[in-house]
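Undergrad: The structure is given below, and queries will be raised subsequently.
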Amino acid sequence: MSVFSGGKKIIIRGEEIEKEFENRKHVFIVCDPFLAETGKIKYITGKLDNIGVSYTVFSGITPDPSIEIVAEGIAALADVKPDTLVGFGGGSAIDACKAMMFFAEKENIVENCKFIAIPTTSGTGSEVTDFSVISNTKKAVKYPLIDPNLLPDVAVLDAELTLTVPKETTAITGMDVLTHAIEAIVSTDAGDFSDAMAEKAIKLVRSNLLVAYKEPENFSARQGMHNASCMAGIAFNNAGLGLNHGMAHALGAHFHIPHGKANAVLLPYVIGFNAGCFDNLTGSAKTYARIARLIHVDSGSIRQSSLNLIRSIKSFNHLLEMPSNIREMGIAKDDFRDALDSMAEAAYADSCTKTNPRKASVDEIKKVYAHAYFGAIGRSL
Ligand SMILES: NC(=O)c1ccc[n+]([C@@H]2O[C@H](COP(=O)([O-])OP(=O)(O)OC[C@H]3O[C@@H](n4cnc5c(N)ncnc54)[C@H](O)[C@@H]3O)[C@@H](O)[C@H]2O)c1
Ligand SMILES: [Zn+2]
């Protein structure tokens with residue numbers, strides 16, 4: 001990593017937002033039906049009504065947004081030609097909004113649009129990344145689009161918006177944050193600046209995720225997780241991700257598993273592979289030992305520290321009532337075996353996998369999937 005970007009502008013809590021809309025002609029807001037129907041959208045529309053700026057709400061976003069939804073959004077954009085776009089919601093809404101803007105600009109449907117991202121989950125960090133993950137549902141593949149033009153101009157971090165996130169989504173998105181931070185630290189492109197963001201994110205997850213899970217209305221825990229999500233986003237936007245995300249994209253696309261849940265279940269097994277805990281210890285085992293030290297589970301030996309980190313993540317998953325392996329998610333062995341070749345190939349080709357610290361062949365990826373399926377090493381599918 002030779003250049004570090006910390007996002008363009010981050011507004012913490014909402015007071016400053018209204019100024020961002022002053023003198024804008026028309027605002028196009030992208031969200032999901034839940035946020036539109038429960039009135040949460042008034043967080044923005046109320047401000048726009050106050051200052052007399054017109055707007056359109058596109059509320060058709062579904063989880064893991066598809067190419068078709070993006071195309072629908074572009075057609076709606078062409079009708080109103082906004083000068084401002086707002087991605088309001090979880091990663092799905094923000095990513096869809098990014099992709100709409102990206103392609104609409106390429107087709108000269110809009111130009112120089114201001115892009116404001118307002119996350120309502122604490123997970124993807126999409127508000128500060130160059131990434132947008134779009135699904136091809138027919139081919140069961142998720143494509144990470146990566147381009148500097150996808151970086152929002154403004155990110156708004158207001159944890160008030162996350163107080164209603166259900167327990168399961170809090171757990172799933174929180175484990176996505178942890179995976180981002182860990183993958184950024186062990187990435188082949190990691191550096192001091194991305195490490196600083198990722199290490200702080202891990203500490204914030206450690207002290208806030210379980211509290212936010214057990215006490216959904218605990219504002220301080222929610223803000224801690226919101227900040228962690230954004231910091232982990234900045235970390236991986238600079239350092240990249242790794243095999244965990246490559247494998248999670250393929251697993252999620254095949255079996256319709258929420259992104260953070262796929263990450264959470266795979267994480268202990270990918271660390272085991274990357275650190276070489278079950279064959280020959282690799283150079284990155286030392287980095288995992290450093291992460292273990294951050295959460296106070298390190299020991300005298302590098303191998304043991306890496307194993308302790310794996311154990312802690314398993315126990316975190318357990319406390320968050322997450323499955324401990326893929327089989328526990330109700331996926332039949334035959335179905336998993338049928339999908340294995342294409343998942344392993346997709347994970348191998350996924351752009352996130354490029355910065356993984358240990359090069360993995362398609363066969364090795366299949367072995368990691370098998371380990372994660374059974375939760376035990378050495379069993380074949
Ligand atoms: N762009 C990136 O950098 C990046 C990084 C990681 C993942 N992703 C992508 O982001 C998507 C996942 O995003 P996500 O995990 O935020 O989930 P999501 O956006 O799909 O939202 C999950 C659920 O939470 C609900 N929800 C959102 N905010 C809520 C609130 N305040 N109160 C109650 N319910 C609320 C939504 O309606 C939805 O049902 C995936 O497509 C994933 O691949 C993107
Ligand atoms: Zn992720």
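Chain lettering (A, B, ...) mirrors the order of the structure tokens, residue numbering begins at 1 for each chain separately, and ligand numbering begins at 1 in order of display.
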Once you count only C-alpha atoms and all ligand atoms, which residues end up within 8 Å of ligand 1, and could you hand them over as a ChimeraX atom specification?
TA: /A:32-35,40,62-65,89-95,119-135,142,144,161-166,169,172-173,176,180,233,237,249,258-260
Undergrad: To one decimal in Å, tell me the separation between CA of Pro323 (chain A) and CA of Phe255 (chain A).
TA: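 So the two atoms, CA of Pro323 (chain A) and CA of Phe255 (chain A), lie 14.6 Å apart.
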Undergrad: Take CA of Phe236 (chain A) and CA of Ala181 (chain A) and report the distance between them in Å, one decimal.
TA: 6.9 Å
Undergrad: Excluding same-chain residues fewer than 2 positions from region 51-60 of chain A, what lies within 8 Å of it counting only C-alpha atoms, as a count of residues only?
TA: 24
Undergrad: Using only C-alpha atoms, which of the listed residues (A:Pro82, A:Gly375, A:Gly242, A:Gly191) sits closest to Ser324 (chain A)?
TA: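 Residue with the minimum atom-to-atom distance to Ser324 (chain A): A:Gly375.
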Undergrad: Write out as a PyMOL selection string the residues lying within 8 Å of Ala99 (chain A), counting only C-alpha atoms and excluding same-chain residues fewer than 2 positions away.
TA: chain A and resi 70+95-97+101-103+132+134+150
Undergrad: With C-alpha atoms retained, write the just-selected residues as a short mmCIF file (atom, residue, chain, number, x, y, z; two decimals), in the first residue's frame.
TA:
```cif
data_model
loop_
_atom_site.label_atom_id
_atom_site.label_comp_id
_atom_site.auth_asym_id
_atom_site.auth_seq_id
_atom_site.Cartn_x
_atom_site.Cartn_y
_atom_site.Cartn_z
CA VAL A 70 -29.40 -1.81 -10.52
CA ASP A 95 -23.87 -0.80 -2.87
CA ALA A 96 -26.86 -0.72 -5.23
CA CYS A 97 -26.81 3.08 -5.16
CA MET A 101 -24.40 6.02 -10.06
CA PHE A 102 -21.34 4.35 -11.62
CA PHE A 103 -23.17 3.02 -14.69
CA SER A 132 -19.86 -2.37 -4.52
CA ILE A 134 -23.58 -6.90 -7.05
CA LEU A 150 -17.47 4.39 -6.08
#
```
Undergrad: Considering only C-alpha atoms, state which residue in the set A:Glu328, A:Arg206, A:His245, A:Met231 is at the smallest distance from Val297 (chain A).
TA: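 The closest residue to Val297 (chain A) is A:Arg206.
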Undergrad: Identify, with DSSP run on backbone atoms, the residues in region 1-110 of chain A assigned to strand (DSSP E or B), and express the list as JSON, numbers by chain.
TA: {"A": [10, 11, 12, 26, 27, 28, 29, 30, 54, 55, 56, 57, 58, 66, 84, 85, 86, 87, 88, 89]}
Undergrad: Give me a file of those residues, with N, CA and C atoms, as a compact mmCIF listing (two decimals), in the first residue's frame.
TA:
```txt
# COMPACT_ATOMS: atom_id res chain seq x y z
N ILE A 10 -16.44 12.42 6.72
CA ILE A 10 -17.28 11.59 7.59
C ILE A 10 -17.98 12.51 8.59
N ILE A 11 -19.30 12.47 8.59
CA ILE A 11 -20.07 13.27 9.55
C ILE A 11 -20.55 12.32 10.65
N ILE A 12 -20.17 12.61 11.88
CA ILE A 12 -20.57 11.73 12.98
C ILE A 12 -21.79 12.34 13.67
N HIS A 26 -32.10 18.23 -7.07
CA HIS A 26 -32.99 17.07 -6.89
C HIS A 26 -32.18 15.91 -6.30
N VAL A 27 -32.75 15.29 -5.27
CA VAL A 27 -32.04 14.21 -4.57
C VAL A 27 -32.73 12.88 -4.87
N PHE A 28 -31.93 11.87 -5.23
CA PHE A 28 -32.45 10.53 -5.52
C PHE A 28 -32.01 9.63 -4.38
N ILE A 29 -32.98 9.10 -3.64
CA ILE A 29 -32.66 8.31 -2.43
C ILE A 29 -32.90 6.83 -2.73
N VAL A 30 -31.89 6.00 -2.44
CA VAL A 30 -32.00 4.55 -2.67
C VAL A 30 -32.06 3.85 -1.31
N SER A 54 -36.39 19.08 -3.63
CA SER A 54 -37.23 17.97 -4.12
C SER A 54 -36.46 16.66 -4.14
N TYR A 55 -37.18 15.55 -4.09
CA TYR A 55 -36.51 14.25 -4.05
C TYR A 55 -37.38 13.15 -4.65
N THR A 56 -36.71 12.03 -4.98
CA THR A 56 -37.37 10.80 -5.43
C THR A 56 -36.86 9.69 -4.54
N VAL A 57 -37.76 8.79 -4.11
CA VAL A 57 -37.32 7.64 -3.31
C VAL A 57 -37.44 6.37 -4.16
N PHE A 58 -36.32 5.66 -4.33
CA PHE A 58 -36.33 4.36 -5.02
C PHE A 58 -36.15 3.32 -3.92
N SER A 66 -29.19 -7.23 -7.03
CA SER A 66 -28.91 -7.91 -8.30
C SER A 66 -28.67 -6.90 -9.42
N THR A 84 -27.88 14.81 -6.85
CA THR A 84 -27.41 14.23 -5.59
C THR A 84 -28.00 12.84 -5.41
N LEU A 85 -27.18 11.89 -4.99
CA LEU A 85 -27.67 10.55 -4.70
C LEU A 85 -27.44 10.23 -3.23
N VAL A 86 -28.40 9.54 -2.62
CA VAL A 86 -28.22 9.12 -1.22
C VAL A 86 -28.44 7.61 -1.15
N GLY A 87 -27.44 6.89 -0.70
CA GLY A 87 -27.60 5.46 -0.40
C GLY A 87 -27.93 5.38 1.07
N PHE A 88 -29.15 4.93 1.39
CA PHE A 88 -29.62 4.94 2.79
C PHE A 88 -30.01 3.52 3.17
N GLY A 89 -29.25 2.89 4.06
CA GLY A 89 -29.60 1.53 4.48
C GLY A 89 -28.38 0.71 4.81
```
Undergrad: Leaving out Leu251 (chain A) and any residue of its chain fewer than 6 positions from it, which residues lie within 9 Å of it when counting only C-alpha atoms, given as a PyMOL selection string?
TA: chain A and resi 257+259+262+339+343+347
Undergrad: Since we have the selection now, will you write its residues out, keeping C-alpha atoms, as a PDB file, in the first residue's frame?
TA:
```
ATOM      1  CA  ILE A 257     -26.582 -16.910   3.139  1.00  0.00           C
ATOM      2  CA  HIS A 259     -22.828 -11.949   3.757  1.00  0.00           C
ATOM      3  CA  ALA A 262     -20.964 -16.592   5.598  1.00  0.00           C
ATOM      4  CA  ALA A 339     -21.689 -26.712  -5.621  1.00  0.00           C
ATOM      5  CA  MET A 343     -17.698 -22.240  -5.439  1.00  0.00           C
ATOM      6  CA  ALA A 347     -13.510 -17.951  -4.663  1.00  0.00           C
TER       7      ALA A 347
END
```
Undergrad: So that I can check the surroundings of Tyr288 (chain A), please list as a list of chain:residue names every protein, DNA and RNA residue that reaches within 9 Å of it, counting only C-alpha atoms and ignoring chain neighbours fewer than 4 positions away.
TA: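 Those residues are A:Ile182, A:Ile185, A:Val186, A:Ile271, A:Ala275, A:Ser284, A:Ala292, A:Arg293, A:Ile302, A:Ser305, A:Ser306, A:Leu309.
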Undergrad: Write to file, as a short mmCIF file (atom, residue, chain, number, x, y, z; two decimals), in the first residue's frame, the residues of the selection just made, with N, CA and C atoms.
TA:
```cif
data_model
loop_
_atom_site.label_atom_id
_atom_site.label_comp_id
_atom_site.auth_asym_id
_atom_site.auth_seq_id
_atom_site.Cartn_x
_atom_site.Cartn_y
_atom_site.Cartn_z
N ILE A 182 -9.75 -8.14 10.42
CA ILE A 182 -8.72 -9.19 10.47
C ILE A 182 -8.10 -9.39 9.08
N ILE A 185 -5.63 -6.67 8.23
CA ILE A 185 -4.34 -6.73 8.94
C ILE A 185 -3.41 -7.79 8.33
N VAL A 186 -3.97 -8.92 7.92
CA VAL A 186 -3.10 -9.98 7.38
C VAL A 186 -2.89 -9.85 5.87
N ILE A 271 -8.57 -18.79 8.90
CA ILE A 271 -7.39 -18.43 9.72
C ILE A 271 -6.51 -19.66 9.90
N ALA A 275 -2.75 -19.44 8.60
CA ALA A 275 -1.66 -19.49 9.59
C ALA A 275 -0.89 -20.81 9.51
N SER A 284 2.34 -15.65 8.21
CA SER A 284 1.24 -14.82 8.74
C SER A 284 0.75 -15.29 10.10
N ALA A 292 -4.26 -11.82 18.21
CA ALA A 292 -4.64 -12.50 19.47
C ALA A 292 -4.25 -11.63 20.67
N ARG A 293 -3.09 -10.97 20.55
CA ARG A 293 -2.62 -10.11 21.65
C ARG A 293 -3.58 -8.92 21.84
N ILE A 302 3.58 -18.83 18.99
CA ILE A 302 2.83 -18.25 17.87
C ILE A 302 1.70 -19.20 17.47
N SER A 305 -1.04 -19.00 20.02
CA SER A 305 -1.77 -17.72 19.94
C SER A 305 -2.75 -17.75 18.77
N SER A 306 -2.30 -18.30 17.62
CA SER A 306 -3.21 -18.37 16.46
C SER A 306 -4.39 -19.28 16.78
N LEU A 309 -6.79 -17.51 18.97
CA LEU A 309 -7.61 -16.56 18.21
C LEU A 309 -8.77 -17.31 17.55
#
```
